[in-house]
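Asker: Have a look at this one before I ask anything.
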Amino acid sequence: MILKKVAGVEEALQGVKNGMTFMLGGFGLCGIPENAISQLVKLGITDITCISNNAGVDDFGLGLLLQKHQIKKMISSYVGENDEFERQMLSGELEVELTPQGTLAEKCRAAQAGFPAFYTPAGYGTEVAMGKETREFNGKMYVLEEAFKADFSFVKAWKGDEAGNLIFKGTARNFNPCMCGAAKITVAEVEELVPAGELDPNQIHVPGIFVQRIFQGKAYEKRIEQRTVRKRS
């Protein structure tokens, strides 16, 4: 059995360089790789292309990288709750490629599975399809979308073992699973890291073959974008 455990986030991010393309799991602030993002900020990596559903908020998640202008291009499905993301996009400081959410997920999954491209009806007849090949199947038009190409995938799971097997919890099982194995190197940070063999095989969501490095994260904040509570009676 190949063990994937590394000592911490510093070792896990060895090899990251300016100008690379990174996938980052999570939806909003749910299930984001907080430790990996903090380390990217600390390292001062620049000219990054980020593939992520959105860019967090102004002072957390990918918003921390945006604050320091470390991101050159965002490939995402929506701007979300990040005012700085919106400002940089509208001012032309940041290149943005908005992608339908299902297409974004499938471009990750295609890369994971080794498929170079796929056809989807999403976006046909809109700006999304401009410059792309289209084709008719059974009387319906489809757009050819290419799989993502990324240098690193950074994902966050609830529990993992030293062989890289992962279990996600609740809605944190969002873009994280389909980004595992979708880049040259997948780095997984987990809340609990156990020895290989301790996880129930029937509970594993992503097998370790899709993960190259795994470490136990620290000090997770798990912020909530929009907290909605019932008024006191």
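In the structure tokens, each chain is lettered A, B, ... as it comes, each chain's residues begin at 1, and ligands are numbered from 1 in order of appearance.
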Give me the residues within 9 Å of A:Val96 as a PyMOL selection string, counting only C-alpha atoms and dropping any in the same chain fewer than 5 places off.
Answerer: chain A and resi 72-76+89
Asker: Among the residues of chain A, find those DSSP assigns to strand (DSSP E or B) from the backbone and print them as a VMD selection string.
Answerer: chain A and resid 5 21 to 24 27 30 48 to 51 57 60 71 to 76 95 to 98 117 to 120 134 to 137 140 to 146 152 to 161 166 to 167 185 to 194 206 213 to 216
Asker: Would you save the residues of that selection, restricted to C-alpha atoms, as a short mmCIF file (atom, residue, chain, number, x, y, z; two decimals), in the first residue's frame?
Answerer:
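result-v8.cif written:
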data_model
loop_
_atom_site.label_atom_id
_atom_site.label_comp_id
_atom_site.auth_asym_id
_atom_site.auth_seq_id
_atom_site.Cartn_x
_atom_site.Cartn_y
_atom_site.Cartn_z
CA LYS A 5 0.50 11.22 4.29
CA THR A 21 -3.68 26.43 -12.60
CA PHE A 22 -5.35 25.25 -9.39
CA MET A 23 -8.66 23.52 -8.72
CA LEU A 24 -10.18 24.32 -5.34
CA PHE A 27 -19.35 25.53 -2.61
CA CYS A 30 -18.73 24.96 2.55
CA ILE A 48 -2.80 31.95 -10.56
CA THR A 49 -5.67 30.56 -12.60
CA CYS A 50 -8.30 29.27 -10.14
CA ILE A 51 -10.99 26.76 -11.05
CA VAL A 57 -16.14 36.17 0.42
CA PHE A 60 -12.15 34.51 3.62
CA ILE A 71 -5.27 35.46 -8.95
CA LYS A 72 -4.94 36.28 -12.64
CA LYS A 73 -8.01 34.37 -13.84
CA MET A 74 -11.10 32.89 -12.21
CA ILE A 75 -13.00 30.04 -13.87
CA SER A 76 -16.22 29.76 -11.88
CA GLU A 95 -9.95 37.72 -16.16
CA VAL A 96 -13.17 35.79 -15.52
CA GLU A 97 -14.60 32.81 -17.37
CA LEU A 98 -18.14 32.18 -16.13
CA ALA A 117 -14.05 16.55 -23.92
CA PHE A 118 -17.82 16.01 -23.88
CA TYR A 119 -21.00 17.43 -25.41
CA THR A 120 -23.57 19.29 -23.32
CA THR A 134 -21.57 22.50 -31.78
CA ARG A 135 -23.29 19.35 -32.97
CA GLU A 136 -26.79 17.97 -33.26
CA PHE A 137 -27.80 14.73 -31.56
CA LYS A 140 -31.05 18.70 -30.15
CA MET A 141 -27.99 20.94 -30.31
CA TYR A 142 -24.99 20.43 -28.05
CA VAL A 143 -21.79 22.33 -27.26
CA LEU A 144 -18.39 20.64 -27.12
CA GLU A 145 -16.65 21.41 -23.82
CA GLU A 146 -13.06 20.40 -23.09
CA PHE A 152 -2.94 20.96 -8.52
CA SER A 153 -6.32 20.11 -7.02
CA PHE A 154 -6.84 21.25 -3.44
CA VAL A 155 -9.75 19.52 -1.71
CA LYS A 156 -11.07 19.24 1.82
CA ALA A 157 -12.65 16.14 3.37
CA TRP A 158 -14.02 15.28 6.79
CA LYS A 159 -11.99 12.14 7.35
CA GLY A 160 -9.22 10.35 5.49
CA ASP A 161 -6.57 7.70 5.97
CA LEU A 166 -11.56 10.13 1.72
CA ILE A 167 -14.96 10.52 3.37
CA ILE A 185 -1.40 16.41 -8.18
CA THR A 186 -4.33 16.20 -5.76
CA VAL A 187 -3.76 17.50 -2.24
CA ALA A 188 -6.39 16.56 0.35
CA GLU A 189 -6.66 18.18 3.75
CA VAL A 190 -8.85 16.43 6.33
CA GLU A 191 -10.22 17.14 9.77
CA GLU A 192 -9.30 13.67 10.98
CA LEU A 193 -6.48 11.52 9.60
CA VAL A 194 -6.38 7.85 10.59
CA VAL A 206 -13.10 8.77 -3.03
CA ARG A 213 -0.85 13.94 -0.78
CA ILE A 214 -2.95 14.06 2.38
CA PHE A 215 -2.51 15.89 5.67
CA GLN A 216 -4.51 16.75 8.77
#
Asker: Give the helix (DSSP H, G or I) residues of stretch 40-145 of chain A, as DSSP finds them on the backbone, and put them as a PyMOL selection string.
Answerer: chain A and resi 40-43+63-67+83-91+101-113+127-129
Asker: How many Å separate atom CA of A:Pro116 from atom CA of A:Gln70?
Answerer: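 Atom CA of A:Gln70 lies at a distance of 28.5 Å from atom CA of A:Pro116.
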Asker: Just to confirm, what's the straight-line distance from atom CA of A:Cys180 to atom CA of A:Ile204 in Å (one decimal)?
Answerer: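 Interatomic distance here is 13.2 Å.
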Asker: Applying 12 Å and only C-alpha atoms, which residues near A:Ala113 remain after dropping the ones on its own chain fewer than 2 positions away? List them as a CSV table (one decimal) with all heavy atoms, in the first residue's frame.
Answerer:
chain,number,residue,atom,x,y,z
A,106,GLU,N,-18.8,18.9,-14.6
A,106,GLU,CA,-18.5,17.9,-15.6
A,106,GLU,C,-17.1,18.0,-16.2
A,106,GLU,O,-16.5,17.0,-16.5
A,106,GLU,CB,-19.6,17.8,-16.7
A,106,GLU,CG,-19.5,16.7,-17.6
A,106,GLU,CD,-19.7,15.3,-17.0
A,106,GLU,OE1,-20.1,15.3,-15.8
A,106,GLU,OE2,-19.4,14.3,-17.7
A,107,LYS,N,-16.6,19.3,-16.4
A,107,LYS,CA,-15.3,19.5,-16.9
A,107,LYS,C,-14.3,18.9,-15.9
A,107,LYS,O,-13.2,18.5,-16.2
A,107,LYS,CB,-15.1,21.0,-17.2
A,107,LYS,CG,-15.7,21.4,-18.4
A,107,LYS,CD,-15.9,23.0,-18.5
A,107,LYS,CE,-14.6,23.6,-18.9
A,107,LYS,NZ,-14.2,23.5,-20.3
A,108,CYS,N,-14.6,19.0,-14.6
A,108,CYS,CA,-13.7,18.4,-13.5
A,108,CYS,C,-13.8,16.9,-13.6
A,108,CYS,O,-12.8,16.2,-13.6
A,108,CYS,CB,-14.2,18.9,-12.2
A,108,CYS,SG,-14.0,20.6,-11.8
A,109,ARG,N,-15.0,16.4,-13.7
A,109,ARG,CA,-15.2,14.9,-13.7
A,109,ARG,C,-14.6,14.3,-14.9
A,109,ARG,O,-14.0,13.2,-14.9
A,109,ARG,CB,-16.7,14.6,-13.6
A,109,ARG,CG,-17.0,13.1,-13.2
A,109,ARG,CD,-18.4,12.7,-13.6
A,109,ARG,NE,-18.6,12.7,-15.0
A,109,ARG,CZ,-18.3,11.7,-15.8
A,109,ARG,NH1,-17.7,10.6,-15.3
A,109,ARG,NH2,-18.6,11.7,-17.1
A,110,ALA,N,-14.7,15.0,-16.1
A,110,ALA,CA,-14.1,14.5,-17.3
A,110,ALA,C,-12.6,14.4,-17.2
A,110,ALA,O,-12.0,13.4,-17.6
A,110,ALA,CB,-14.5,15.4,-18.5
A,111,ALA,N,-12.0,15.4,-16.6
A,111,ALA,CA,-10.5,15.4,-16.4
A,111,ALA,C,-10.2,14.2,-15.4
A,111,ALA,O,-9.2,13.5,-15.6
A,111,ALA,CB,-10.1,16.7,-15.8
A,115,PHE,N,-11.3,11.8,-19.8
A,115,PHE,CA,-12.0,12.1,-21.1
A,115,PHE,C,-11.5,13.5,-21.5
A,115,PHE,O,-11.6,14.5,-20.7
A,115,PHE,CB,-13.5,12.1,-20.9
A,115,PHE,CG,-14.1,10.8,-20.5
A,115,PHE,CD1,-15.1,10.7,-19.6
A,115,PHE,CD2,-13.7,9.6,-21.2
A,115,PHE,CE1,-15.6,9.4,-19.2
A,115,PHE,CE2,-14.2,8.4,-20.8
A,115,PHE,CZ,-15.2,8.3,-19.9
A,116,PRO,N,-11.1,13.7,-22.7
A,116,PRO,CA,-10.6,15.0,-23.2
A,116,PRO,C,-11.7,16.1,-23.4
A,116,PRO,O,-11.5,17.3,-23.2
A,116,PRO,CB,-9.9,14.7,-24.5
A,116,PRO,CG,-10.7,13.5,-25.0
A,116,PRO,CD,-11.0,12.7,-23.8
A,117,ALA,N,-13.0,15.6,-23.7
A,117,ALA,CA,-14.1,16.5,-23.9
A,117,ALA,C,-15.4,15.8,-23.9
A,117,ALA,O,-15.4,14.6,-23.8
A,117,ALA,CB,-13.9,17.2,-25.3
A,118,PHE,N,-16.5,16.6,-23.9
A,118,PHE,CA,-17.8,16.0,-23.9
A,118,PHE,C,-18.8,17.0,-24.5
A,118,PHE,O,-18.5,18.2,-24.6
A,118,PHE,CB,-18.3,15.7,-22.4
A,118,PHE,CG,-18.3,16.9,-21.5
A,118,PHE,CD1,-19.4,17.6,-21.3
A,118,PHE,CD2,-17.1,17.2,-20.8
A,118,PHE,CE1,-19.4,18.7,-20.5
A,118,PHE,CE2,-17.1,18.3,-20.0
A,118,PHE,CZ,-18.3,19.1,-19.8
A,147,ALA,N,-12.3,19.1,-21.2
A,147,ALA,CA,-12.0,18.9,-19.8
A,147,ALA,C,-11.0,19.9,-19.3
A,147,ALA,O,-10.1,20.4,-20.1
A,147,ALA,CB,-11.5,17.5,-19.6
A,148,PHE,N,-11.0,20.2,-18.0
A,148,PHE,CA,-10.0,21.1,-17.4
A,148,PHE,C,-8.6,20.5,-17.4
A,148,PHE,O,-8.5,19.2,-17.4
A,148,PHE,CB,-10.4,21.4,-16.0
A,148,PHE,CG,-11.5,22.4,-15.9
A,148,PHE,CD1,-12.6,22.1,-15.0
A,148,PHE,CD2,-11.5,23.6,-16.6
A,148,PHE,CE1,-13.6,23.0,-14.9
A,148,PHE,CE2,-12.6,24.5,-16.5
A,148,PHE,CZ,-13.6,24.2,-15.6
A,177,PRO,N,-15.3,15.9,-4.5
A,177,PRO,CA,-15.0,14.6,-5.0
A,177,PRO,C,-14.6,14.6,-6.5
A,177,PRO,O,-13.7,13.8,-6.9
A,177,PRO,CB,-16.3,13.8,-4.8
A,177,PRO,CG,-17.0,14.5,-3.7
A,177,PRO,CD,-16.6,16.0,-3.8
A,178,CYS,N,-15.3,15.4,-7.3
A,178,CYS,CA,-15.0,15.4,-8.8
A,178,CYS,C,-13.7,16.1,-9.1
A,178,CYS,O,-13.2,16.0,-10.2
A,178,CYS,CB,-16.1,16.0,-9.6
A,178,CYS,SG,-16.5,17.7,-9.3
A,179,MET,N,-13.1,16.8,-8.2
A,179,MET,CA,-11.8,17.5,-8.4
A,179,MET,C,-10.6,16.5,-8.0
A,179,MET,O,-9.5,16.8,-8.3
A,179,MET,CB,-11.7,18.8,-7.6
A,179,MET,CG,-12.5,19.9,-8.2
A,179,MET,SD,-12.3,21.5,-7.4
A,179,MET,CE,-13.2,22.6,-8.4
A,180,CYS,N,-10.9,15.5,-7.2
A,180,CYS,CA,-9.9,14.5,-6.9
A,180,CYS,C,-9.4,13.8,-8.1
A,180,CYS,O,-10.2,13.2,-8.8
A,180,CYS,CB,-10.4,13.5,-5.8
A,180,CYS,SG,-10.8,14.3,-4.2
A,181,GLY,N,-8.1,13.8,-8.4
A,181,GLY,CA,-7.6,13.1,-9.5
A,181,GLY,C,-7.8,13.9,-10.8
A,181,GLY,O,-7.5,13.3,-11.9
A,182,ALA,N,-8.3,15.1,-10.8
A,182,ALA,CA,-8.6,15.9,-12.0
A,182,ALA,C,-7.4,16.8,-12.3
A,182,ALA,O,-7.5,17.5,-13.3
A,182,ALA,CB,-9.9,16.7,-11.8
A,183,ALA,N,-6.4,16.8,-11.5
A,183,ALA,CA,-5.2,17.6,-11.8
A,183,ALA,C,-4.0,16.6,-11.7
A,183,ALA,O,-4.1,15.5,-11.4
A,183,ALA,CB,-5.1,18.7,-10.8
A,210,PHE,N,-6.9,8.4,-6.3
A,210,PHE,CA,-7.1,9.8,-6.8
A,210,PHE,C,-6.4,10.8,-6.1
A,210,PHE,O,-6.5,12.0,-6.4
A,210,PHE,CB,-8.6,10.1,-6.9
A,210,PHE,CG,-9.3,9.3,-7.9
A,210,PHE,CD1,-10.2,8.3,-7.5
A,210,PHE,CD2,-9.2,9.5,-9.3
A,210,PHE,CE1,-10.9,7.5,-8.4
A,210,PHE,CE2,-9.9,8.7,-10.2
A,210,PHE,CZ,-10.8,7.8,-9.8
